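Participant: Got a structure for you, input28.cif, holding mmCIF, C-alpha atoms.
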data_start
loop_
_atom_site.label_atom_id
_atom_site.label_comp_id
_atom_site.auth_asym_id
_atom_site.auth_seq_id
_atom_site.Cartn_x
_atom_site.Cartn_y
_atom_site.Cartn_z
CA MET A 1 63.86 -93.62 -92.22
CA ALA A 2 64.62 -91.91 -95.55
CA ILE A 3 67.52 -90.05 -93.96
CA LEU A 4 68.85 -93.28 -92.43
CA ALA A 5 68.62 -94.97 -95.82
CA ALA A 6 70.51 -92.08 -97.42
CA ILE A 7 73.70 -92.76 -95.47
CA PRO A 8 74.51 -96.30 -96.71
CA ILE A 9 73.14 -95.69 -100.21
CA LEU A 10 75.05 -92.46 -100.78
CA ALA A 11 78.17 -93.86 -99.09
CA PHE A 12 78.06 -96.82 -101.49
CA ALA A 13 77.50 -94.44 -104.42
CA VAL A 14 80.47 -92.27 -103.37
CA ILE A 15 82.70 -95.36 -102.99
CA LEU A 16 81.66 -96.62 -106.43
CA GLN A 17 82.18 -93.16 -107.88
CA SER A 18 85.66 -92.86 -106.39
CA THR A 19 86.89 -96.36 -107.15
CA VAL A 20 85.14 -97.34 -110.38
CA PHE A 21 83.30 -94.61 -112.25
CA SER A 22 86.00 -91.94 -111.92
CA ARG A 23 88.27 -94.26 -113.93
CA VAL A 24 85.68 -94.99 -116.62
CA THR A 25 85.48 -91.81 -118.62
CA LEU A 26 84.25 -90.60 -121.96
CA LEU A 27 86.98 -88.19 -123.09
CA SER A 28 87.63 -86.67 -119.64
CA GLY A 29 84.05 -86.79 -118.39
CA PRO A 30 83.09 -89.49 -115.89
CA LEU A 31 79.64 -90.68 -114.89
CA ASP A 32 78.53 -88.78 -111.75
CA LEU A 33 76.73 -91.57 -109.91
CA VAL A 34 76.02 -89.49 -106.80
CA VAL A 35 74.19 -86.81 -108.80
CA VAL A 36 72.21 -89.45 -110.71
CA VAL A 37 71.22 -91.21 -107.46
CA LEU A 38 70.19 -87.91 -105.88
CA ILE A 39 68.11 -86.90 -108.89
CA CYS A 40 66.41 -90.29 -109.15
CA TRP A 41 65.57 -90.21 -105.44
CA THR A 42 64.27 -86.64 -105.66
CA LEU A 43 62.02 -87.42 -108.61
CA ASN A 44 60.53 -90.50 -106.98
CA GLN A 45 56.95 -89.73 -105.94
CA ARG A 46 57.43 -91.49 -102.59
CA ALA A 47 60.66 -89.66 -101.79
CA ARG A 48 60.93 -87.36 -98.80
CA ASP A 49 63.76 -85.41 -97.19
CA GLU A 50 65.36 -84.67 -100.54
CA TRP A 51 67.34 -81.81 -99.01
CA ALA A 52 68.81 -84.20 -96.43
CA TRP A 53 69.95 -86.56 -99.18
CA ALA A 54 71.60 -83.60 -100.98
CA LEU A 55 73.28 -82.49 -97.76
CA ILE A 56 74.58 -85.97 -96.92
CA GLY A 57 75.72 -86.64 -100.51
CA GLY A 58 77.47 -83.28 -100.72
CA ALA A 59 79.22 -83.79 -97.39
CA MET A 60 80.42 -87.24 -98.42
CA VAL A 61 81.73 -86.06 -101.79
CA GLY A 62 83.36 -83.08 -100.07
CA PHE A 63 85.11 -85.45 -97.69
CA VAL A 64 86.62 -87.51 -100.52
CA SER A 65 87.27 -84.66 -102.97
CA GLU A 66 89.82 -81.87 -102.92
CA LEU A 67 86.88 -79.52 -103.49
CA PRO A 68 85.66 -77.89 -100.27
CA ALA A 69 82.52 -79.65 -98.99
CA LEU A 70 80.48 -76.46 -99.41
CA VAL A 71 80.80 -76.68 -103.20
CA PRO A 72 79.17 -80.12 -103.70
CA ILE A 73 76.67 -79.40 -100.88
CA ALA A 74 75.55 -76.17 -102.57
CA ALA A 75 75.44 -77.84 -105.98
CA TYR A 76 73.46 -80.86 -104.77
CA LEU A 77 70.98 -78.71 -102.83
CA LEU A 78 70.34 -76.69 -105.99
CA VAL A 79 69.89 -79.87 -108.04
CA SER A 80 67.57 -81.24 -105.37
CA ARG A 81 65.42 -78.09 -105.43
CA LEU A 82 65.33 -78.26 -109.22
CA GLY A 83 64.20 -81.89 -109.03
CA VAL A 84 61.43 -81.11 -106.55
CA TYR A 85 60.27 -78.21 -108.72
CA LEU A 86 60.20 -80.32 -111.88
CA LYS A 87 58.51 -83.22 -110.08
CA ARG A 88 55.61 -80.90 -109.23
CA ARG A 89 55.49 -79.24 -112.63
CA VAL A 90 55.82 -82.23 -114.97
CA TRP A 91 54.56 -85.00 -112.70
CA GLN A 92 52.55 -86.58 -115.51
CA ILE A 93 55.63 -87.37 -117.60
CA PRO A 94 58.29 -88.38 -115.10
CA ILE A 95 60.66 -89.64 -117.78
CA VAL A 96 60.89 -86.12 -119.24
CA ALA A 97 61.42 -84.70 -115.76
CA LEU A 98 64.17 -87.28 -115.20
CA PHE A 99 66.09 -86.46 -118.37
CA VAL A 100 65.64 -82.69 -118.00
CA THR A 101 66.83 -82.83 -114.39
CA ILE A 102 69.82 -84.98 -115.34
CA ILE A 103 70.84 -82.51 -118.06
CA LEU A 104 70.34 -79.41 -115.92
CA GLY A 105 71.69 -81.08 -112.78
CA THR A 106 74.91 -82.14 -114.52
CA LEU A 107 75.32 -78.59 -115.82
CA ILE A 108 74.69 -77.07 -112.38
CA VAL A 109 77.13 -79.36 -110.54
CA ASN A 110 79.89 -78.98 -113.11
CA LEU A 111 79.47 -75.23 -113.56
CA ILE A 112 79.55 -74.59 -109.81
CA SER A 113 82.73 -76.69 -109.48
CA TYR A 114 84.21 -74.99 -112.53
CA GLY A 115 83.32 -71.52 -111.25
CA PHE A 116 84.79 -72.20 -107.83
CA LEU A 117 88.06 -73.60 -109.21
CA SER A 118 88.38 -70.81 -111.77
CA ALA A 119 87.83 -68.24 -109.04
CA LEU A 120 90.72 -69.82 -107.13
CA GLY A 121 92.94 -69.44 -110.18
CA THR A 122 93.01 -73.00 -111.51
CA PRO A 123 93.64 -72.77 -115.26
CA LEU A 124 90.56 -74.45 -116.77
CA PRO A 125 89.79 -73.44 -120.37
CA PHE A 126 86.01 -73.03 -120.56
CA PHE A 127 85.40 -74.74 -123.89
CA ASP A 128 87.72 -77.60 -122.96
CA ALA A 129 85.72 -78.02 -119.76
CA ILE A 130 82.46 -78.12 -121.71
CA ASN A 131 83.71 -80.37 -124.53
CA LEU A 132 85.91 -82.74 -122.54
CA VAL A 133 84.11 -82.97 -119.21
CA VAL A 134 80.59 -81.56 -119.04
CA LEU A 135 79.01 -82.89 -122.25
CA PRO A 136 80.56 -86.41 -122.16
CA GLY A 137 79.70 -86.66 -118.44
CA MET A 138 76.14 -85.57 -119.20
CA LEU A 139 75.80 -88.29 -121.83
CA LEU A 140 77.02 -90.94 -119.37
CA ASN A 141 74.63 -89.61 -116.71
CA LEU A 142 71.74 -89.86 -119.17
CA LEU A 143 72.70 -93.45 -120.02
CA ALA A 144 72.78 -94.37 -116.34
CA ALA A 145 69.56 -92.52 -115.50
CA LEU A 146 67.06 -95.26 -116.37
CA PRO A 147 68.69 -98.19 -114.56
CA VAL A 148 69.48 -96.06 -111.52
CA ASN A 149 65.93 -94.71 -111.55
CA GLY A 150 64.57 -98.27 -111.49
CA LEU A 151 66.89 -99.16 -108.63
CA MET A 152 65.92 -96.07 -106.63
CA GLY A 153 62.25 -96.94 -107.20
CA GLU A 154 62.96 -100.29 -105.52
CA VAL A 155 64.77 -98.49 -102.71
CA ALA A 156 61.81 -96.13 -102.22
CA GLY A 157 59.51 -99.16 -102.11
CA PHE A 158 61.74 -100.70 -99.48
CA VAL A 159 61.95 -97.51 -97.40
CA PHE A 160 58.22 -96.76 -97.62
CA PRO A 161 56.68 -100.24 -98.03
CA GLY A 162 53.05 -99.30 -97.32
CA GLU A 163 52.72 -96.61 -99.97
CA THR A 164 52.06 -96.92 -103.68
CA GLU A 165 53.65 -94.65 -106.22
CA ALA A 166 51.31 -92.03 -107.67
CA MET B 1 83.12 -205.45 -129.83
CA SER B 2 84.68 -205.41 -126.47
CA ARG B 3 84.51 -202.32 -124.26
CA SER B 4 88.24 -201.62 -124.50
CA LEU B 5 88.24 -201.81 -128.27
CA ARG B 6 85.34 -199.32 -128.44
CA THR B 7 87.27 -196.95 -126.17
CA ILE B 8 90.31 -197.20 -128.39
CA VAL B 9 88.26 -196.50 -131.54
CA ILE B 10 86.57 -193.45 -129.97
CA SER B 11 89.89 -192.17 -128.75
CA LEU B 12 91.40 -192.56 -132.21
CA ILE B 13 88.44 -190.74 -133.76
CA VAL B 14 88.77 -187.88 -131.23
CA VAL B 15 92.51 -187.69 -131.78
CA GLY B 16 91.95 -187.78 -135.53
CA VAL B 17 89.37 -185.02 -135.40
CA LEU B 18 91.67 -182.95 -133.18
CA ALA B 19 94.56 -183.54 -135.54
CA LEU B 20 92.41 -182.48 -138.49
CA ALA B 21 91.23 -179.40 -136.57
CA LEU B 22 94.77 -178.45 -135.54
CA GLY B 23 95.91 -179.00 -139.08
CA GLY B 24 93.29 -176.56 -140.32
CA TYR B 25 91.44 -179.10 -142.38
CA LEU B 26 88.18 -178.54 -140.48
CA ALA B 27 88.15 -174.74 -140.84
CA PRO B 28 85.40 -174.58 -143.51
CA LEU B 29 83.31 -176.90 -141.44
CA THR B 30 83.80 -174.99 -138.17
CA ARG B 31 82.99 -171.66 -139.92
CA VAL B 32 79.63 -173.05 -140.85
CA PHE B 33 78.90 -173.78 -137.22
CA VAL B 34 80.72 -170.91 -135.48
CA GLU B 35 79.52 -167.96 -137.56
CA PRO B 36 75.86 -168.41 -136.71
CA LEU B 37 76.85 -168.85 -133.09
CA VAL B 38 78.84 -165.60 -133.11
CA GLU B 39 75.92 -163.81 -134.74
CA VAL B 40 73.53 -165.11 -132.14
CA GLN B 41 75.91 -164.23 -129.32
CA ALA B 42 76.40 -160.69 -130.63
CA TRP B 43 72.62 -160.24 -130.96
CA VAL B 44 72.03 -161.44 -127.42
CA SER B 45 74.88 -159.36 -126.05
CA THR B 46 73.61 -156.18 -127.74
CA ARG B 47 70.11 -156.71 -126.34
CA TYR B 48 71.50 -157.45 -122.93
CA VAL B 49 73.56 -154.25 -122.87
CA ALA B 50 70.55 -152.25 -124.09
CA ILE B 51 68.32 -153.73 -121.39
CA ARG B 52 70.98 -153.23 -118.72
CA ASP B 53 71.50 -149.60 -119.78
CA PHE B 54 67.77 -149.06 -119.69
CA PHE B 55 67.71 -149.92 -116.01
CA VAL B 56 71.12 -148.59 -115.00
CA ALA B 57 71.35 -145.38 -117.08
CA PRO B 58 69.08 -143.13 -114.99
CA ARG B 59 71.28 -143.74 -111.98
CA ASP B 60 74.36 -142.98 -114.09
CA LEU B 61 72.74 -139.82 -115.50
CA ALA B 62 72.11 -138.47 -112.04
CA ALA B 63 75.66 -139.38 -111.05
CA LEU B 64 76.97 -137.73 -114.21
CA ARG B 65 74.96 -134.60 -113.53
CA GLN B 66 76.32 -134.48 -110.02
CA GLU B 67 79.81 -135.05 -111.30
CA ASN B 68 79.32 -132.35 -113.93
CA ALA B 69 78.12 -129.90 -111.31
CA ASP B 70 81.08 -130.77 -109.11
CA LEU B 71 83.47 -130.28 -112.00
CA GLU B 72 81.87 -126.98 -112.96
CA GLY B 73 82.26 -125.84 -109.37
CA GLU B 74 85.85 -126.95 -109.43
CA VAL B 75 86.46 -125.08 -112.71
CA ALA B 76 84.90 -121.92 -111.28
CA ARG B 77 86.99 -122.24 -108.11
CA LEU B 78 90.14 -122.73 -110.18
CA GLN B 79 89.27 -119.77 -112.40
CA VAL B 80 88.91 -117.58 -109.30
CA GLN B 81 92.24 -118.95 -108.08
CA VAL B 82 93.87 -118.18 -111.44
CA ILE B 83 92.56 -114.59 -111.33
CA GLU B 84 93.78 -114.19 -107.75
CA LEU B 85 97.18 -115.55 -108.68
CA GLN B 86 97.36 -113.28 -111.71
CA GLN B 87 96.54 -110.30 -109.47
CA GLN B 88 99.13 -111.40 -106.95
CA ASN B 89 101.65 -111.85 -109.74
CA ALA B 90 100.96 -108.36 -111.08
CA GLU B 91 101.25 -106.97 -107.55
CA ILE B 92 104.52 -108.81 -106.98
CA GLN B 93 105.92 -107.44 -110.23
CA ILE B 94 104.97 -103.89 -109.21
CA LEU B 95 106.38 -104.38 -105.71
CA SER B 96 109.61 -105.88 -106.98
CA ALA B 97 109.99 -102.90 -109.34
CA LEU B 98 109.40 -100.59 -106.39
CA VAL B 99 111.95 -102.50 -104.29
CA ASP B 100 114.46 -102.17 -107.15
CA PHE B 101 113.75 -98.44 -107.27
CA ALA B 102 114.24 -98.12 -103.50
CA ARG B 103 117.54 -100.07 -103.72
CA GLN B 104 118.78 -97.85 -106.54
CA ASN B 105 117.87 -94.75 -104.50
CA PRO B 106 118.96 -95.75 -100.99
CA ALA B 107 118.94 -92.19 -99.68
CA GLY B 108 115.14 -92.17 -99.59
CA ASP B 109 112.94 -93.49 -96.81
CA TYR B 110 110.06 -95.02 -98.73
CA VAL B 111 106.66 -96.26 -97.70
CA ALA B 112 104.45 -98.13 -100.18
CA ALA B 113 100.74 -97.37 -100.50
CA SER B 114 97.87 -98.76 -102.53
CA VAL B 115 95.71 -96.49 -104.65
CA ILE B 116 92.18 -96.81 -103.25
CA GLY B 117 90.29 -94.20 -105.24
CA ARG B 118 90.22 -91.06 -107.28
CA ASP B 119 88.80 -87.60 -106.74
CA PRO B 120 85.12 -87.60 -107.78
CA SER B 121 85.50 -84.15 -109.37
CA PRO B 122 86.32 -84.45 -113.08
CA PHE B 123 88.17 -81.11 -112.96
CA LEU B 124 90.75 -82.35 -110.47
CA HIS B 125 93.38 -85.07 -110.87
CA TYR B 126 93.93 -86.53 -107.44
CA ILE B 127 94.21 -90.08 -106.15
CA LEU B 128 93.50 -91.48 -102.70
CA ILE B 129 96.03 -93.80 -101.03
CA ASN B 130 95.74 -96.01 -97.97
CA ARG B 131 98.54 -94.42 -95.91
CA GLY B 132 98.14 -91.42 -93.66
CA SER B 133 99.64 -89.56 -90.75
CA ASP B 134 99.74 -92.79 -88.72
CA ASP B 135 102.38 -94.01 -91.20
CA GLY B 136 104.41 -90.81 -90.97
CA ILE B 137 102.95 -89.24 -94.10
CA ARG B 138 102.93 -85.45 -94.18
CA ARG B 139 101.56 -82.89 -96.59
CA GLY B 140 103.91 -82.07 -99.48
CA MET B 141 105.85 -85.35 -99.54
CA PRO B 142 106.72 -86.51 -103.07
CA VAL B 143 105.02 -89.61 -104.44
CA VAL B 144 106.79 -91.82 -106.99
CA THR B 145 106.64 -95.19 -108.71
CA SER B 146 109.51 -97.24 -110.04
CA GLN B 147 109.11 -95.31 -113.30
CA GLY B 148 109.23 -91.81 -111.93
CA LEU B 149 107.42 -88.92 -110.25
CA VAL B 150 103.67 -89.23 -109.67
CA GLY B 151 102.85 -86.12 -107.65
CA ARG B 152 102.78 -84.96 -104.05
CA ILE B 153 100.70 -85.43 -100.92
CA ALA B 154 98.00 -82.76 -100.85
CA ALA B 155 95.99 -83.76 -97.78
CA VAL B 156 96.42 -86.28 -94.99
CA THR B 157 94.10 -88.03 -92.57
CA ALA B 158 95.09 -90.65 -90.01
CA GLY B 159 94.71 -93.61 -92.37
CA ALA B 160 94.60 -92.16 -95.88
CA SER B 161 96.01 -89.37 -98.00
CA ARG B 162 95.14 -87.47 -101.12
CA VAL B 163 97.82 -87.15 -103.81
CA GLN B 164 97.86 -84.37 -106.38
CA LEU B 165 98.98 -85.90 -109.68
CA LEU B 166 101.33 -84.25 -112.15
CA THR B 167 98.40 -84.13 -114.56
CA ASP B 168 96.28 -81.89 -112.31
CA PRO B 169 95.52 -78.51 -113.93
CA GLU B 170 96.85 -76.71 -110.86
CA MET B 171 100.14 -78.64 -110.77
CA VAL B 172 103.36 -76.75 -111.53
CA VAL B 173 106.78 -78.44 -111.22
CA ASN B 174 110.21 -76.97 -111.81
CA ILE B 175 112.08 -79.28 -114.14
CA VAL B 176 115.33 -79.50 -115.99
CA LEU B 177 115.86 -80.78 -119.52
CA GLN B 178 118.61 -83.34 -119.13
CA THR B 179 120.27 -82.98 -122.53
CA ALA B 180 120.17 -79.20 -122.73
CA ASP B 181 120.62 -78.75 -118.96
CA GLU B 182 118.05 -75.96 -119.09
CA PRO B 183 115.30 -75.26 -116.55
CA ALA B 184 111.64 -75.05 -117.47
CA VAL B 185 108.21 -75.39 -115.90
CA LEU B 186 105.93 -78.40 -116.23
CA ARG B 187 102.15 -77.94 -116.04
CA GLY B 188 99.19 -80.29 -115.93
CA SER B 189 95.95 -79.75 -117.76
CA LEU B 190 92.25 -80.52 -117.66
CA SER B 191 92.61 -83.30 -120.23
CA GLY B 192 95.37 -85.00 -118.24
CA GLU B 193 98.16 -84.08 -120.62
CA ILE B 194 101.31 -82.47 -119.29
CA SER B 195 103.38 -79.86 -121.07
CA LEU B 196 106.50 -77.78 -120.67
CA ASP B 197 106.48 -74.01 -120.57
CA MET B 198 108.98 -71.22 -120.01
CA ILE B 199 111.68 -72.83 -122.16
CA SER B 200 114.11 -70.24 -123.41
CA PRO B 201 113.87 -69.78 -127.21
CA GLU B 202 117.64 -70.12 -127.50
CA VAL B 203 117.57 -73.65 -126.13
CA ASN B 204 117.68 -76.44 -128.68
CA ILE B 205 115.31 -79.17 -127.53
CA GLU B 206 114.25 -82.27 -129.43
CA ALA B 207 111.71 -85.01 -129.08
CA GLY B 208 113.03 -87.68 -126.76
CA ASP B 209 114.88 -85.33 -124.39
CA LEU B 210 114.52 -86.54 -120.80
CA ILE B 211 112.78 -84.38 -118.21
CA LEU B 212 113.85 -84.48 -114.55
CA THR B 213 112.85 -82.51 -111.49
CA SER B 214 115.25 -79.66 -110.88
CA GLY B 215 114.70 -79.34 -107.13
CA LEU B 216 114.18 -75.58 -107.47
CA GLY B 217 111.58 -74.23 -105.08
CA GLY B 218 112.14 -77.06 -102.64
CA SER B 219 108.91 -78.88 -103.44
CA TYR B 220 110.53 -82.00 -104.92
CA PRO B 221 113.91 -83.68 -104.70
CA ALA B 222 116.13 -83.16 -107.71
CA ASP B 223 116.63 -85.67 -110.52
CA LEU B 224 113.34 -87.56 -110.33
CA LEU B 225 112.40 -88.73 -113.81
CA ILE B 226 109.13 -87.32 -115.18
CA GLY B 227 109.08 -88.21 -118.87
CA GLN B 228 110.42 -87.17 -122.21
CA VAL B 229 109.66 -84.47 -124.73
CA SER B 230 107.24 -85.72 -127.38
CA SER B 231 106.91 -82.59 -129.53
CA VAL B 232 108.15 -79.01 -129.46
CA ARG B 233 106.30 -75.87 -130.45
CA THR B 234 108.42 -72.88 -131.35
CA ARG B 235 106.95 -69.70 -132.82
CA SER B 236 109.04 -66.68 -133.67
CA PHE B 237 106.72 -64.23 -131.86
CA ASP B 238 106.51 -66.26 -128.62
CA LEU B 239 108.69 -65.34 -125.65
CA PHE B 240 109.16 -68.98 -124.73
CA GLN B 241 109.05 -72.38 -126.38
CA THR B 242 106.51 -74.95 -125.26
CA ALA B 243 106.62 -78.73 -125.53
CA SER B 244 104.34 -81.71 -125.01
CA VAL B 245 105.52 -84.35 -122.59
CA GLN B 246 105.14 -88.10 -122.66
CA PRO B 247 105.14 -89.06 -118.96
CA VAL B 248 106.92 -92.24 -117.88
CA VAL B 249 104.15 -92.98 -115.40
CA ASP B 250 100.81 -94.27 -116.67
CA PHE B 251 98.48 -92.24 -114.48
CA ASP B 252 95.44 -94.32 -115.47
CA GLU B 253 97.03 -97.55 -114.23
CA LEU B 254 98.37 -96.50 -110.85
CA ASP B 255 97.94 -99.31 -108.31
CA ILE B 256 100.83 -99.00 -105.87
CA VAL B 257 102.98 -95.94 -105.21
CA LEU B 258 105.91 -95.01 -102.97
CA ILE B 259 105.99 -91.97 -100.74
CA ILE B 260 109.41 -90.45 -100.04
CA ARG B 261 109.04 -89.99 -96.32
CA ASN B 262 112.34 -88.35 -95.51
CA PHE B 263 111.86 -85.44 -97.92
CA ARG B 264 110.28 -82.39 -96.34
CA PRO B 265 109.23 -79.72 -98.83
CA VAL B 266 110.39 -76.19 -98.22
CA ASP B 267 107.64 -73.64 -97.82
CA ILE B 268 108.85 -70.59 -99.71
CA SER B 269 105.51 -68.80 -99.72
CA PRO B 270 106.60 -66.26 -97.04
CA LEU B 271 109.47 -65.30 -99.36
CA VAL B 272 107.22 -64.68 -102.36
CA PRO B 273 106.51 -60.93 -102.64
#
What is this structure when it is put down as structure tokens?
Facilitator:
Amino acid sequence: MAILAAIPILAFAVILQSTVFSRVTLLSGPLDLVVVVLICWTLNQRARDEWAWALIGGAMVGFVSELPALVPIAAYLLVSRLGVYLKRRVWQIPIVALFVTIILGTLIVNLISYGFLSALGTPLPFFDAINLVVLPGMLLNLLAALPVNGLMGEVAGFVFPGETEA
Amino acid sequence: MSRSLRTIVISLIVVGVLALALGGYLAPLTRVFVEPLVEVQAWVSTRYVAIRDFFVAPRDLAALRQENADLEGEVARLQVQVIELQQQNAEIQILSALVDFARQNPAGDYVAASVIGRDPSPFLHYILINRGSDDGIRRGMPVVTSQGLVGRIAAVTAGASRVQLLTDPEMVVNIVLQTADEPAVLRGSLSGEISLDMISPEVNIEAGDLILTSGLGGSYPADLLIGQVSSVRTRSFDLFQTASVQPVVDFDELDIVLIIRNFRPVDISPLVP
């Protein structure tokens, strides 16, 4: 059921990301809605199949983006593992886990993309990438984290109606 | 007194009174009688209206509320219509500009496409359009607007394509400076700015010089407008001059683009050592 729910939710997130949020930027950094949705799902206590969500999200982003699908898939799987790890370690203060995962997750996704493109020879000055893309994008992701987290809590309640959040 | 005499006397009195009234001689007398009557009538009329409103008003209030709701609905519907018409108007203006462009450049076989999205990666500057191989689109075809060059087709599916913009960090275009008639290379950047490189130090370039595609390399047709020089950087120890470019196309506001379908890029990669 969780995997089935992932397809429409992540497809909607990718469409929103491509049509709306990629145009709304702070400096050159946009909000990465797919990463925020993945992290919020992963950190939800009722969530299962986090790896499947990462796989589906990565494949969808890879389909839309010029980046090869393996890059977002690898990045999202790493972020998903990080989220699961932090959920177990700091389960008593989920808000801290949320913000830490958003910060580290944004860094992981952007640095993997940056590393891949740089390895292919795309001229991307490192400090420009950090100042213009990574840090502004991270701030937008942090701003979106709480509302998206609330929404994903509702989704988890809808997907697993009989269970209560720990 | 006989009956007829009495009738005559009464008639004379009535006629006399009427004559006095018409002559205005009875005005003070009538005011004494009429003013209290008017006062009384006004008082009664006011009370009547108040009592009538008391019974009728609730029905009117409900009708007014209904009417208000209907009017609000109508206003909302009209506002939506206005927005739709404004969008259609903007689209028509863009399309008419594109038609003008196609008429001015009749050698090209153009197909129009709507921009339906952007690349989710913040490091890449690509757009998605709603035309693909089913519409005869092939990889490498140039993409333009009525203002000038936008980029080129980077990937194609049956119903959509991905366009690499001039602002992409990996984009390199051979250009020619119109005034100086000198070749140079245009590059995109992470921030979305475009700049000129490889300009010979002997060339005298100034802000405002027009930049056109040169056609060298076979990736783009020649003489497509790109923008104009906004500032020049010349340092004595540099091998080449560099310049910032103000593009003619607003890459943040791309809605509809044209693909030049009859231009096939030349693949020179086998010739590169």
Participant: By how many Å are CA of Leu216 (chain B) and CA of Gln178 (chain B) apart?
Facilitator: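 Value for the CA of Leu216 (chain B)-CA of Gln178 (chain B) distance: 14.7 Å.
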Participant: Tell me, as a ChimeraX atom specification, which residues lie within 12 Å of region 267-269 of chain B, counting all atoms listed in the file; anything in the same chain fewer than 2 positions away does not count.
Facilitator: /B:139-141,216-220,264-265,271-273
Participant: Which polymer residues have any atom within 10 Å of an atom of region 90-101 of chain A, counting only C-alpha atoms, with same-chain residues fewer than 6 positions away left out, as an NGL selection string?
Facilitator: :A and (36 or 39-40 or 42-45 or 79-80 or 82-84 or 107-108 or 141-143 or 145-146 or 149 or 166)
Participant: Using all atoms listed in the file, find each residue in chain A having at least one atom no more than 7 Å away from chain B; report its shortest atom-to-atom pair and that distance in Å (one decimal), rows by chain then rising number, as CSV.
Facilitator:
residue,atom,partner,partner_atom,distance
A:Gln17,CA,B:Pro120,CA,6.3
A:Ser18,CA,B:Gly117,CA,5.0
A:Thr19,CA,B:Gly117,CA,4.5
A:Ser22,CA,B:Pro120,CA,6.1
A:Ser28,CA,B:Ser191,CA,6.0
A:Gly29,CA,B:Pro122,CA,6.2
A:Pro30,CA,B:Pro122,CA,6.6
A:Val64,CA,B:Asp119,CA,6.6
A:Ser65,CA,B:Asp119,CA,5.0
A:Glu66,CA,B:Asp119,CA,7.0
A:Thr122,CA,B:Glu170,CA,5.4
A:Pro123,CA,B:Pro169,CA,6.2
A:Leu124,CA,B:Leu190,CA,6.4
A:Val133,CA,B:Pro122,CA,6.7
Participant: Could you check how far CA of Ile130 (chain A) sits from CA of Thr25 (chain A), in Å to one decimal?
Facilitator: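 The value is 14.4 Å.
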Participant: Could you work out how far CA of Met198 (chain B) lies from CA of Leu67 (chain A), giving the answer in Å with one decimal?
Facilitator: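 For CA of Leu67 (chain A) relative to CA of Met198 (chain B), the distance reads 28.8 Å.
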Participant: For Val14 (chain A), list every protein, DNA or RNA residue within 8 Å, evaluated using all atoms listed in the file, and leave out those in the same chain fewer than 3 positions away; present the list as a list of chain:residue names.
Facilitator: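 Residues meeting the cut-off are A:Leu10, A:Ala11, A:Gln17, A:Ser18, A:Leu33, A:Val34, A:Gly57, A:Met60, A:Val61, B:Pro120.
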Participant: Which residue is closest to Asp255 (chain B)? Choose from B:Gln93, B:Thr167, B:Ser133, B:Thr234 and count only C-alpha atoms.
Facilitator: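 So, comparing all the options, the nearest one is B:Gln93.
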Participant: Please determine, counting only C-alpha atoms, which residue among B:Leu225, B:Val111, B:Val144, B:Ser195 has the shortest atom-to-atom distance to Arg261 (chain B).
Facilitator: B:Val111
Participant: Residues at most 12 Å from Ala107 (chain B), counting all atoms listed in the file, excluding those fewer than 6 positions away in the same chain, as a list in words?
Facilitator: Phe101, Pro221, Ile260, Arg261, Asn262 and Phe263 of chain B
Participant: Give me a file of those residues, with C-alpha atoms, as an mmCIF file, in the frame of the given file.
Facilitator:
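Listed below is the output, part.cif:
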data_model
loop_
_atom_site.group_PDB
_atom_site.id
_atom_site.type_symbol
_atom_site.label_atom_id
_atom_site.label_comp_id
_atom_site.auth_asym_id
_atom_site.auth_seq_id
_atom_site.Cartn_x
_atom_site.Cartn_y
_atom_site.Cartn_z
ATOM 1 C CA PHE B 101 113.750 -98.440 -107.270
ATOM 2 C CA PRO B 221 113.910 -83.680 -104.700
ATOM 3 C CA ILE B 260 109.410 -90.450 -100.040
ATOM 4 C CA ARG B 261 109.040 -89.990 -96.320
ATOM 5 C CA ASN B 262 112.340 -88.350 -95.510
ATOM 6 C CA PHE B 263 111.860 -85.440 -97.920
#
Participant: Evaluated on this file, the PyMOL selection byres ((chain B and resi 159) around 6) picks out some residues - which ones are they, written as a VMD selection string?
Facilitator: chain B and resid 131 to 132 157 to 158 160
Participant: Would you translate the PyMOL selection byres ((chain A and resi 113) around 8) into the concrete set of residues it matches in this file, as a VMD selection string?
Facilitator: (chain A and resid 67 71 to 72 109 to 112 114 to 117) or (chain B and resid 121 123)
Participant: B:Leu71, B:Leu29, B:Val14, B:Ile137: which is nearest Leu258 (chain B), counting all atoms listed in the file?
Facilitator: B:Ile137
Participant: When distances are computed from only C-alpha atoms, which of B:Asp53, B:Asp135, B:Glu67, B:Glu182 shows the smallest separation from Tyr110 (chain B)?
Facilitator: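 Among the listed residues, the smallest separation from Tyr110 (chain B) belongs to B:Asp135.
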Participant: Closest to Glu154 (chain A) among A:Pro8, A:Leu38, A:Ile15, A:Arg46, using only C-alpha atoms?
Facilitator: A:Arg46
Participant: Convert the output of the PyMOL selection byres ((chain B and resi 186) around 10) on the shown file into explicit residues, formatted as a PyMOL selection string.
Facilitator: chain B and resi 166-167+171-176+183-185+187-188+194-199+211+213+226+242-245
Participant: Rank B:Glu193, B:Ser214, B:Val99, B:Arg52 by their smallest atom-to-atom distance to Thr145 (chain B), using all atoms listed in the file, and report the top residue only.
Facilitator: B:Val99
